[in-house]
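Undergrad: Take a look at input31.cif, mmCIF, C-alpha atoms and all ligand atoms:
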```
data_my_file
loop_
_atom_site.group_PDB
_atom_site.id
_atom_site.type_symbol
_atom_site.label_atom_id
_atom_site.label_comp_id
_atom_site.auth_asym_id
_atom_site.auth_seq_id
_atom_site.Cartn_x
_atom_site.Cartn_y
_atom_site.Cartn_z
ATOM 1 C CA MET A 1 11.220 2.344 26.397
ATOM 2 C CA THR A 2 12.157 1.016 22.970
ATOM 3 C CA ARG A 3 9.932 1.720 20.010
ATOM 4 C CA ILE A 4 10.065 -1.424 17.908
ATOM 5 C CA VAL A 5 7.566 -1.806 15.083
ATOM 6 C CA THR A 6 7.645 -5.018 13.065
ATOM 7 C CA ILE A 7 6.657 -4.126 9.521
ATOM 8 C CA GLY A 8 5.829 -6.284 6.514
ATOM 9 C CA SER A 9 5.895 -5.406 2.850
ATOM 10 C CA ALA A 10 3.279 -7.570 1.110
ATOM 11 C CA GLN A 11 4.200 -7.614 -2.556
ATOM 12 C CA MET A 12 1.517 -8.867 -4.921
ATOM 13 C CA GLY A 13 1.895 -10.694 -8.166
ATOM 14 C CA PRO A 14 -0.281 -9.724 -11.119
ATOM 15 C CA ILE A 15 -4.031 -9.172 -10.733
ATOM 16 C CA ALA A 16 -6.033 -10.240 -13.785
ATOM 17 C CA LYS A 17 -8.522 -7.794 -15.320
ATOM 18 C CA ASP A 18 -11.408 -10.103 -14.441
ATOM 19 C CA GLU A 19 -10.167 -11.003 -10.962
ATOM 20 C CA GLY A 20 -12.843 -9.790 -8.555
ATOM 21 C CA ARG A 21 -12.149 -7.765 -5.434
ATOM 22 C CA GLN A 22 -13.217 -10.670 -3.214
ATOM 23 C CA ALA A 23 -10.529 -12.900 -4.744
ATOM 24 C CA VAL A 24 -7.914 -10.184 -4.278
ATOM 25 C CA VAL A 25 -8.940 -9.704 -0.651
ATOM 26 C CA GLN A 26 -8.422 -13.442 -0.093
ATOM 27 C CA ARG A 27 -4.826 -13.003 -1.283
ATOM 28 C CA LEU A 28 -4.404 -10.034 1.058
ATOM 29 C CA LEU A 29 -5.845 -12.036 3.962
ATOM 30 C CA THR A 30 -3.322 -14.817 3.341
ATOM 31 C CA MET A 31 -0.449 -12.346 3.663
ATOM 32 C CA LEU A 32 -2.054 -10.576 6.637
ATOM 33 C CA ARG A 33 -2.179 -13.935 8.443
ATOM 34 C CA GLN A 34 1.410 -14.734 7.463
ATOM 35 C CA GLY A 35 2.358 -11.343 8.862
ATOM 36 C CA ALA A 36 0.590 -12.062 12.140
ATOM 37 C CA GLU A 37 2.494 -15.357 12.425
ATOM 38 C CA GLN A 38 5.757 -13.450 11.914
ATOM 39 C CA GLY A 39 4.910 -10.854 14.553
ATOM 40 C CA CYS A 40 4.000 -7.963 12.270
ATOM 41 C CA ASP A 41 2.382 -4.854 13.712
ATOM 42 C CA LEU A 42 1.811 -3.352 10.277
ATOM 43 C CA ILE A 43 1.693 -4.588 6.678
ATOM 44 C CA VAL A 44 2.069 -2.427 3.578
ATOM 45 C CA PHE A 45 0.084 -3.470 0.501
ATOM 46 C CA PRO A 46 0.608 -2.023 -3.031
ATOM 47 C CA GLU A 47 -0.881 0.931 -4.922
ATOM 48 C CA LEU A 48 -4.414 0.278 -6.303
ATOM 49 C CA THR A 49 -4.367 -3.018 -4.443
ATOM 50 C CA LEU A 50 -7.889 -4.192 -5.134
ATOM 51 C CA THR A 51 -7.860 -4.454 -8.931
ATOM 52 C CA THR A 52 -5.603 -4.762 -11.925
ATOM 53 C CA PHE A 53 -3.797 -1.504 -12.835
ATOM 54 C CA PHE A 54 -6.733 -0.182 -14.885
ATOM 55 C CA PRO A 55 -5.096 3.101 -16.086
ATOM 56 C CA ARG A 56 -3.366 1.038 -18.770
ATOM 57 C CA TRP A 57 -6.653 1.039 -20.721
ATOM 58 C CA TYR A 58 -8.356 3.969 -22.472
ATOM 59 C CA MET A 59 -11.998 4.226 -21.442
ATOM 60 C CA THR A 60 -14.636 6.776 -22.434
ATOM 61 C CA ASP A 61 -17.689 5.396 -20.616
ATOM 62 C CA PRO A 62 -17.872 7.043 -17.142
ATOM 63 C CA ALA A 63 -19.728 4.034 -15.745
ATOM 64 C CA GLU A 64 -16.941 1.725 -16.884
ATOM 65 C CA VAL A 65 -14.335 4.027 -15.323
ATOM 66 C CA ASP A 66 -16.278 4.216 -12.070
ATOM 67 C CA SER A 67 -16.462 0.424 -11.867
ATOM 68 C CA TRP A 68 -12.773 0.467 -10.831
ATOM 69 C CA PHE A 69 -13.381 2.887 -7.947
ATOM 70 C CA GLU A 70 -14.485 2.392 -4.340
ATOM 71 C CA THR A 71 -17.193 4.741 -3.055
ATOM 72 C CA GLU A 72 -16.784 3.737 0.584
ATOM 73 C CA MET A 73 -14.066 2.164 2.697
ATOM 74 C CA PRO A 74 -14.450 -0.332 4.184
ATOM 75 C CA ASN A 75 -17.045 -1.808 1.857
ATOM 76 C CA ALA A 76 -18.513 -5.268 1.381
ATOM 77 C CA ALA A 77 -15.437 -6.583 -0.422
ATOM 78 C CA THR A 78 -12.845 -5.157 1.984
ATOM 79 C CA GLN A 79 -14.687 -5.547 5.305
ATOM 80 C CA PRO A 80 -13.124 -9.017 5.883
ATOM 81 C CA LEU A 81 -9.666 -7.420 5.727
ATOM 82 C CA PHE A 82 -10.605 -4.855 8.375
ATOM 83 C CA ASP A 83 -12.227 -7.557 10.535
ATOM 84 C CA GLU A 84 -9.178 -9.822 10.306
ATOM 85 C CA ALA A 85 -6.832 -6.920 11.041
ATOM 86 C CA ARG A 86 -8.720 -6.189 14.261
ATOM 87 C CA LYS A 87 -8.854 -9.878 15.190
ATOM 88 C CA LEU A 88 -5.119 -10.398 14.588
ATOM 89 C CA GLY A 89 -4.036 -6.965 15.846
ATOM 90 C CA VAL A 90 -2.175 -6.205 12.600
ATOM 91 C CA GLY A 91 -2.591 -2.824 10.907
ATOM 92 C CA PHE A 92 -2.150 -2.105 7.207
ATOM 93 C CA TYR A 93 -1.577 0.436 4.421
ATOM 94 C CA LEU A 94 -3.917 -0.119 1.496
ATOM 95 C CA GLY A 95 -3.973 1.654 -1.865
ATOM 96 C CA TYR A 96 -7.240 1.934 -3.808
ATOM 97 C CA ALA A 97 -9.089 4.100 -6.328
ATOM 98 C CA GLU A 98 -11.362 6.463 -4.391
ATOM 99 C CA LYS A 99 -14.516 8.128 -5.741
ATOM 100 C CA VAL A 100 -15.881 10.703 -3.327
ATOM 101 C CA THR A 101 -18.319 13.615 -3.239
ATOM 102 C CA GLU A 102 -16.763 16.581 -1.499
ATOM 103 C CA GLY A 103 -17.760 20.235 -1.643
ATOM 104 C CA GLY A 104 -20.743 19.318 -3.790
ATOM 105 C CA ALA A 105 -18.587 17.762 -6.546
ATOM 106 C CA VAL A 106 -17.502 14.239 -7.435
ATOM 107 C CA HIS A 107 -13.755 13.580 -7.247
ATOM 108 C CA HIS A 108 -11.545 10.645 -8.214
ATOM 109 C CA TYR A 109 -8.278 10.065 -6.374
ATOM 110 C CA ASN A 110 -5.513 7.488 -6.239
ATOM 111 C CA THR A 111 -5.632 6.974 -2.478
ATOM 112 C CA ALA A 112 -3.955 5.101 0.367
ATOM 113 C CA ILE A 113 -5.219 4.616 3.897
ATOM 114 C CA LEU A 114 -3.515 3.624 7.125
ATOM 115 C CA VAL A 115 -5.473 1.242 9.331
ATOM 116 C CA GLU A 116 -4.487 0.699 12.974
ATOM 117 C CA LYS A 117 -4.433 -2.646 14.755
ATOM 118 C CA SER A 118 -7.930 -1.828 16.007
ATOM 119 C CA GLY A 119 -9.215 -1.921 12.416
ATOM 120 C CA GLU A 120 -9.846 1.863 12.477
ATOM 121 C CA ILE A 121 -8.726 4.099 9.612
ATOM 122 C CA VAL A 122 -6.273 6.560 11.165
ATOM 123 C CA GLY A 123 -4.780 8.201 8.082
ATOM 124 C CA LYS A 124 -5.521 8.978 4.458
ATOM 125 C CA TYR A 125 -3.282 10.159 1.611
ATOM 126 C CA ARG A 126 -4.171 11.044 -1.998
ATOM 127 C CA LYS A 127 -1.469 10.710 -4.666
ATOM 128 C CA THR A 128 0.031 14.066 -5.539
ATOM 129 C CA HIS A 129 2.376 13.384 -8.461
ATOM 130 C CA LEU A 130 0.226 11.723 -11.131
ATOM 131 C CA PRO A 131 2.268 10.224 -13.973
ATOM 132 C CA GLY A 132 1.265 9.470 -17.520
ATOM 133 C CA HIS A 133 -1.183 11.242 -19.809
ATOM 134 C CA ALA A 134 -4.869 12.131 -20.223
ATOM 135 C CA GLU A 135 -5.602 11.224 -23.850
ATOM 136 C CA PHE A 136 -5.110 8.069 -25.921
ATOM 137 C CA GLU A 137 -1.561 7.847 -27.282
ATOM 138 C CA PRO A 138 -1.497 5.246 -30.072
ATOM 139 C CA GLU A 139 2.288 4.991 -30.217
ATOM 140 C CA ARG A 140 2.419 3.469 -26.711
ATOM 141 C CA PRO A 141 2.344 -0.346 -26.327
ATOM 142 C CA PHE A 142 0.021 0.232 -23.359
ATOM 143 C CA GLN A 143 -1.533 3.364 -21.916
ATOM 144 C CA HIS A 144 -0.768 5.038 -18.581
ATOM 145 C CA LEU A 145 -3.846 7.239 -18.091
ATOM 146 C CA GLU A 146 -3.556 8.327 -14.471
ATOM 147 C CA LYS A 147 -3.871 11.972 -15.557
ATOM 148 C CA ARG A 148 -7.216 11.046 -17.180
ATOM 149 C CA TYR A 149 -8.790 9.102 -14.344
ATOM 150 C CA PHE A 150 -7.485 10.873 -11.231
ATOM 151 C CA GLU A 151 -7.132 14.411 -9.902
ATOM 152 C CA PRO A 152 -3.959 15.306 -8.020
ATOM 153 C CA GLY A 153 -4.469 14.677 -4.311
ATOM 154 C CA ASN A 154 -5.654 17.562 -2.156
ATOM 155 C CA LEU A 155 -4.342 16.476 1.243
ATOM 156 C CA GLY A 156 -0.665 17.409 0.949
ATOM 157 C CA PHE A 157 1.717 15.047 2.742
ATOM 158 C CA PRO A 158 0.220 14.621 6.211
ATOM 159 C CA VAL A 159 1.813 12.491 8.940
ATOM 160 C CA PHE A 160 -0.039 10.542 11.600
ATOM 161 C CA GLN A 161 0.711 9.431 15.155
ATOM 162 C CA ALA A 162 0.153 5.689 15.011
ATOM 163 C CA PHE A 163 1.959 2.429 15.814
ATOM 164 C CA GLY A 164 3.982 4.365 18.406
ATOM 165 C CA GLY A 165 5.634 6.570 15.789
ATOM 166 C CA VAL A 166 5.166 9.270 13.172
ATOM 167 C CA MET A 167 3.789 7.666 10.028
ATOM 168 C CA GLY A 168 3.588 9.033 6.476
ATOM 169 C CA MET A 169 2.373 7.750 3.136
ATOM 170 C CA CYS A 170 2.941 8.370 -0.540
ATOM 171 C CA ILE A 171 2.134 6.458 -3.722
ATOM 172 C CA CYS A 172 4.351 5.165 -6.530
ATOM 173 C CA ASN A 173 5.508 8.092 -8.706
ATOM 174 C CA ASP A 174 5.575 10.300 -5.567
ATOM 175 C CA ARG A 175 8.671 8.358 -4.504
ATOM 176 C CA ARG A 176 10.725 9.830 -7.341
ATOM 177 C CA TRP A 177 10.327 13.417 -6.078
ATOM 178 C CA PRO A 178 12.553 14.532 -3.172
ATOM 179 C CA GLU A 179 9.920 17.040 -2.061
ATOM 180 C CA THR A 180 7.640 14.141 -1.085
ATOM 181 C CA TYR A 181 10.066 12.865 1.529
ATOM 182 C CA ARG A 182 11.233 16.293 2.695
ATOM 183 C CA VAL A 183 7.753 17.662 3.375
ATOM 184 C CA MET A 184 7.169 14.638 5.599
ATOM 185 C CA GLY A 185 10.713 14.890 6.959
ATOM 186 C CA MET A 186 9.951 18.436 8.067
ATOM 187 C CA GLN A 187 7.159 16.949 10.194
ATOM 188 C CA GLY A 188 9.476 14.386 11.803
ATOM 189 C CA VAL A 189 8.245 11.376 9.854
ATOM 190 C CA GLU A 190 9.661 8.035 10.976
ATOM 191 C CA VAL A 191 8.043 5.516 8.629
ATOM 192 C CA ILE A 192 7.123 6.298 5.006
ATOM 193 C CA MET A 193 4.909 3.664 3.374
ATOM 194 C CA LEU A 194 4.372 3.481 -0.353
ATOM 195 C CA GLY A 195 2.864 1.109 -2.858
ATOM 196 C CA TYR A 196 3.780 1.047 -6.530
ATOM 197 C CA ASN A 197 2.847 -0.294 -9.990
ATOM 198 C CA THR A 198 5.890 0.464 -12.131
ATOM 199 C CA PRO A 199 5.984 -0.752 -15.740
ATOM 200 C CA ARG A 200 9.481 -1.725 -16.771
ATOM 201 C CA TYR A 201 8.862 -0.002 -20.124
ATOM 202 C CA PHE A 202 8.812 3.802 -19.797
ATOM 203 C CA ALA A 203 7.426 5.142 -23.078
ATOM 204 C CA PRO A 204 8.683 8.764 -22.835
ATOM 205 C CA ALA A 205 12.324 7.647 -22.352
ATOM 206 C CA PRO A 206 12.787 3.921 -23.121
ATOM 207 C CA GLY A 207 16.561 4.319 -22.876
ATOM 208 C CA LEU A 208 16.047 4.227 -19.096
ATOM 209 C CA ASN A 209 14.214 0.872 -19.073
ATOM 210 C CA HIS A 210 17.237 -1.214 -18.100
ATOM 211 C CA LEU A 211 17.674 1.001 -15.003
ATOM 212 C CA ALA A 212 14.098 0.654 -13.712
ATOM 213 C CA ASP A 213 15.030 -1.496 -10.694
ATOM 214 C CA PHE A 214 18.057 0.657 -9.861
ATOM 215 C CA HIS A 215 16.043 3.880 -9.970
ATOM 216 C CA ASN A 216 13.335 2.302 -7.814
ATOM 217 C CA HIS A 217 15.768 1.629 -4.992
ATOM 218 C CA LEU A 218 17.874 4.743 -5.592
ATOM 219 C CA VAL A 219 15.064 7.168 -4.829
ATOM 220 C CA MET A 220 13.693 5.270 -1.845
ATOM 221 C CA GLN A 221 17.105 4.734 -0.251
ATOM 222 C CA ALA A 222 17.995 8.397 -0.714
ATOM 223 C CA GLY A 223 14.650 9.526 0.717
ATOM 224 C CA ALA A 224 15.143 7.281 3.748
ATOM 225 C CA TYR A 225 18.699 8.411 4.501
ATOM 226 C CA GLN A 226 18.164 12.112 3.848
ATOM 227 C CA ASN A 227 15.228 12.228 6.242
ATOM 228 C CA GLY A 228 16.219 9.576 8.786
ATOM 229 C CA ALA A 229 13.083 7.520 8.153
ATOM 230 C CA PHE A 230 12.228 3.918 7.342
ATOM 231 C CA VAL A 231 10.805 3.534 3.837
ATOM 232 C CA ILE A 232 8.613 0.569 2.998
ATOM 233 C CA GLY A 233 8.145 0.082 -0.755
ATOM 234 C CA THR A 234 5.610 -2.501 -1.929
ATOM 235 C CA ALA A 235 5.171 -3.476 -5.566
ATOM 236 C CA LYS A 236 2.544 -5.038 -7.667
ATOM 237 C CA ALA A 237 4.964 -7.136 -9.689
ATOM 238 C CA GLY A 238 5.145 -9.471 -12.648
ATOM 239 C CA VAL A 239 3.463 -9.598 -16.032
ATOM 240 C CA GLU A 240 -0.030 -8.214 -15.544
ATOM 241 C CA GLU A 241 -2.283 -8.313 -18.601
ATOM 242 C CA GLY A 242 0.821 -8.238 -20.819
ATOM 243 C CA CYS A 243 2.491 -5.365 -18.945
ATOM 244 C CA ASP A 244 5.782 -6.150 -17.183
ATOM 245 C CA LEU A 245 5.807 -4.561 -13.703
ATOM 246 C CA ILE A 246 8.989 -4.354 -11.637
ATOM 247 C CA GLY A 247 9.183 -6.009 -8.208
ATOM 248 C CA GLU A 248 12.020 -5.739 -5.676
ATOM 249 C CA SER A 249 9.733 -4.579 -2.880
ATOM 250 C CA CYS A 250 11.862 -3.662 0.093
ATOM 251 C CA ILE A 251 12.169 -2.325 3.608
ATOM 252 C CA ILE A 252 14.800 0.401 3.947
ATOM 253 C CA ALA A 253 16.416 1.591 7.164
ATOM 254 C CA PRO A 254 16.945 5.282 8.027
ATOM 255 C CA THR A 255 20.601 4.715 7.120
ATOM 256 C CA GLY A 256 19.498 4.049 3.533
ATOM 257 C CA GLU A 257 20.377 0.350 3.793
ATOM 258 C CA ILE A 258 17.993 -2.298 2.463
ATOM 259 C CA MET A 259 16.937 -4.524 5.379
ATOM 260 C CA ALA A 260 14.730 -6.940 3.406
ATOM 261 C CA GLN A 261 13.887 -7.389 -0.258
ATOM 262 C CA CYS A 262 11.457 -9.589 -2.204
ATOM 263 C CA LYS A 263 13.025 -12.298 -4.327
ATOM 264 C CA THR A 264 10.026 -13.255 -6.467
ATOM 265 C CA MET A 265 7.619 -11.505 -8.823
ATOM 266 C CA GLY A 266 4.550 -12.881 -7.046
ATOM 267 C CA ASP A 267 2.680 -12.600 -3.757
ATOM 268 C CA GLU A 268 5.496 -12.463 -1.196
ATOM 269 C CA LEU A 269 5.762 -11.079 2.321
ATOM 270 C CA ILE A 270 9.023 -9.715 3.689
ATOM 271 C CA VAL A 271 9.371 -8.552 7.285
ATOM 272 C CA ALA A 272 11.790 -6.355 9.215
ATOM 273 C CA THR A 273 12.047 -5.254 12.813
ATOM 274 C CA CYS A 274 12.142 -1.463 12.785
ATOM 275 C CA ASP A 275 13.526 0.393 15.799
ATOM 276 C CA LEU A 276 12.068 3.882 15.491
ATOM 277 C CA ASP A 277 14.697 5.276 17.850
ATOM 278 C CA ILE A 278 17.207 4.906 14.988
ATOM 279 C CA CYS A 279 15.198 7.676 13.293
ATOM 280 C CA THR A 280 15.632 9.917 16.313
ATOM 281 C CA ASP A 281 19.369 9.279 16.332
ATOM 282 C CA ILE A 282 19.850 10.096 12.645
ATOM 283 C CA GLN A 283 17.419 13.003 12.584
ATOM 284 C CA LYS A 284 19.065 14.616 15.616
ATOM 285 C CA ASN A 285 22.714 13.673 15.266
ATOM 286 C CA ARG A 286 23.309 13.267 11.524
ATOM 287 C CA TRP A 287 21.023 15.949 10.137
ATOM 288 C CA ASN A 288 19.781 18.300 12.873
ATOM 289 C CA PHE A 289 17.600 20.189 10.393
ATOM 290 C CA ALA A 290 17.128 23.157 12.737
ATOM 291 C CA GLY A 291 20.866 23.609 13.075
ATOM 292 C CA ASN A 292 21.894 23.007 9.469
ATOM 293 C CA ARG A 293 19.184 23.747 6.905
ATOM 294 C CA GLU A 294 19.216 27.115 5.123
ATOM 295 C CA PRO A 295 15.609 27.604 4.011
ATOM 296 C CA ALA A 296 16.204 31.230 2.973
ATOM 297 C CA TYR A 297 17.890 29.772 -0.125
ATOM 298 C CA TYR A 298 15.303 27.117 -0.966
ATOM 299 C CA GLY A 299 12.583 29.442 -2.287
ATOM 300 C CA ALA A 300 12.994 28.320 -5.933
ATOM 301 C CA ILE A 301 11.580 24.921 -4.967
ATOM 302 C CA THR A 302 8.116 26.306 -4.260
ATOM 303 C CA ALA A 303 8.168 29.512 -6.359
ATOM 304 C CA SER A 304 7.483 27.753 -9.657
ATOM 305 C CA LYS A 305 6.471 24.374 -11.023
ATOM 306 C CA GLY A 306 9.051 24.241 -13.830
ATOM 307 C CA VAL A 307 12.623 25.386 -14.331
ATOM 308 C CA VAL A 308 13.098 29.157 -14.353
ATOM 309 C CA SER A 309 16.387 29.759 -16.123
ATOM 310 C CA PRO A 310 18.409 32.674 -14.754
ATOM 311 C CA PHE A 311 19.960 33.016 -18.254
ATOM 312 C CA GLU A 312 16.836 33.882 -20.279
HETATM 313 N N1 LIG A 401 1.902 4.048 -10.895
HETATM 314 C C1 LIG A 401 2.906 4.913 -11.104
HETATM 315 O O1 LIG A 401 2.926 6.001 -10.566
HETATM 316 N N2 LIG A 401 3.892 4.518 -11.959
HETATM 317 C C2 LIG A 401 4.978 5.371 -12.340
HETATM 318 C C3 LIG A 401 5.411 5.084 -13.734
HETATM 319 C C4 LIG A 401 4.637 5.828 -14.672
HETATM 320 S S1 LIG A 401 5.175 5.622 -16.317
HETATM 321 C C5 LIG A 401 4.171 6.689 -17.147
HETATM 322 C C6 LIG A 401 6.214 5.234 -11.468
HETATM 323 O O2 LIG A 401 6.789 6.256 -11.126
HETATM 324 O O3 LIG A 401 6.625 4.140 -11.170
#
```
Translate this file's structure into structure tokens.
Ligand code: CDT

TA:
Amino acid sequence: MTRIVTIGSAQMGPIAKDEGRQAVVQRLLTMLRQGAEQGCDLIVFPELTLTTFFPRWYMTDPAEVDSWFETEMPNAATQPLFDEARKLGVGFYLGYAEKVTEGGAVHHYNTAILVEKSGEIVGKYRKTHLPGHAEFEPERPFQHLEKRYFEPGNLGFPVFQAFGGVMGMCICNDRRWPETYRVMGMQGVEVIMLGYNTPRYFAPAPGLNHLADFHNHLVMQAGAYQNGAFVIGTAKAGVEEGCDLIGESCIIAPTGEIMAQCKTMGDELIVATCDLDICTDIQKNRWNFAGNREPAYYGAITASKGVVSPFE
């Protein structure tokens, strides 16, 4: 029996600061329906899909900060997306800002969920590698305050049995870290979904700006090949509230090859037919982790957070 999953990457153009969640959900519904027409089983939406990328603004009023977060999912604004998914039989990955009370304390996470064709939530991931800074930095043309508004995720990198395969998620900056892919690779992941909001201007090292698109694909293609998994990368693209976000959303095969790529900087759906048995072939016959890895020598990866020089 073949394991074919038809997957869409639903890139979004900019979301204005005053664009309400209901209007955004209408845009998502349009692409969900396009996906159904093109035979999609699953559609991947971007990071923080429901609003503009609010961490670019410094806020001190907790109520204002909380206005960007969802306290339940689905909720009134997103219920139509879940209803349409069930009606059409098309699942989705959705990124959003999550406010939750757990263990008697309030937490804020940059979260993604996986929703099956039934409309049920079958997986949740909370962003681990938070980029940016926690305090106002006046020298920046725009802020990137993810370290102020979110805690690092507390779920690790779980994988889920869904859509006939082994599914994993990460979010934006996570894609730059090889550990993200490998921890899922060690669980036999077959499809890694990720949404991103990537400003073309990187304040800490602007000399890298002209390579932003290259680095985007470089890390995702490497992660796909090295773990024998499909990687679906979905951008929020274009000039959003004056901030230029890269696009080039894509669907990458377990060989590392790009199967489909967005051509615009707006709302655009790309689709690829993904044969999950290609993952099995590459995982078993190219890599065979059990036969070839040497974990006794990998301890430095988890022993410390930063570099430990053997020369000091
Ligand atoms: N959203 C997100 O994680 N963006 C980062 C860029 C952060 S620049 C401070 C990324 O890796 O694309």

Undergrad: Could you tell me which residues the PyMOL selection byres (((chain A and resi 67) around 12) and not hetatm) returns for this structure, as JSON, numbers by chain?

TA: {"A": [17, 18, 20, 21, 50, 51, 54, 59, 61, 62, 63, 64, 65, 66, 68, 69, 70, 71, 97, 98, 99, 108, 149]}

Undergrad: Between chain A and ligand LIG 401 (chain A), at 8 Å or less, what are the per-residue closest atom pairs and their distances in Å? Count all atoms listed in the file, order by chain and rising residue number, and return it as CSV.

TA:
```
residue,atom,partner,partner_atom,distance
A:Glu47,CA,A:LIG401,N1,7.3
A:His129,CA,A:LIG401,O1,7.7
A:Leu130,CA,A:LIG401,O1,6.4
A:Pro131,CA,A:LIG401,C4,5.0
A:Gly132,CA,A:LIG401,C5,4.0
A:His133,CA,A:LIG401,C5,7.5
A:His144,CA,A:LIG401,C5,5.4
A:Glu146,CA,A:LIG401,N1,7.8
A:Ile171,CA,A:LIG401,O1,6.9
A:Cys172,CA,A:LIG401,O1,4.4
A:Asn173,CA,A:LIG401,O2,3.3
A:Asp174,CA,A:LIG401,O2,7.0
A:Arg175,CA,A:LIG401,O2,7.2
A:Arg176,CA,A:LIG401,O2,6.5
A:Tyr196,CA,A:LIG401,N1,5.6
A:Asn197,CA,A:LIG401,N1,4.5
A:Thr198,CA,A:LIG401,O3,3.9
A:Pro199,CA,A:LIG401,C3,6.2
A:Tyr201,CA,A:LIG401,S1,7.7
A:Phe202,CA,A:LIG401,S1,5.4
A:Ala203,CA,A:LIG401,C5,6.9
A:Pro204,CA,A:LIG401,C5,7.6
A:Asn216,CA,A:LIG401,O3,7.7
```

Undergrad: Can you tell me how far CA of Gly91 in chain A sits from CA of Thr6 in chain A, in Å to one decimal?

TA: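 Separating CA of Gly91 in chain A from CA of Thr6 in chain A is a distance of 10.7 Å.
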
Undergrad: Can you tell me which residues surround Cys250 in chain A at a distance of at most 7 Å, considering all atoms listed in the file, apart from same-chain residues fewer than 6 positions away, and format the answer as a list of chain:residue names?

TA: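 Residues meeting the cut-off are A:Ser9, A:Ile232, A:Gly233, A:Thr234, A:Ile258, A:Ala260, A:Gln261, A:Cys262.
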
Undergrad: Using only C-alpha atoms, which of the listed residues (A:Phe45, A:Phe160, A:Phe289, A:Phe92) sits closest to Val115 in chain A?

TA: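 Using only C-alpha atoms, the shortest distance to Val115 in chain A belongs to A:Phe92.
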
Undergrad: Find the axis-aligned box for range 262-276 of chain A, covering all its listed atoms and adding 8 Å on each side, and write its centre and edge lengths in Å to one decimal as AutoDock Vina command-line options.

TA:
```
--center_x 8.1 --center_y -4.7 --center_z 3.5 --size_x 26.8 --size_y 33.1 --size_z 40.6
```

Undergrad: Taking all atoms listed in the file into account, name the residue in A:Gln221, A:Asn154, A:Gln187, A:Thr180 that is nearest to Met167 in chain A.

TA: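 Under the stated criterion, the closest residue is A:Gln187.
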
Undergrad: Pick the closest to Glu190 in chain A from A:Leu29, A:Ile270, A:Ile4, A:Ala229: which is it, counting only C-alpha atoms?

TA: A:Ala229

Undergrad: Go through A:Ala16, A:Ala222, A:Val191, A:Val90 one by one, measure the shortest atom-to-atom distance of each to Asp41 in chain A using only C-alpha atoms, and give the residue with the smallest value.

TA: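 Among the listed residues, the smallest separation from Asp41 in chain A belongs to A:Val90.
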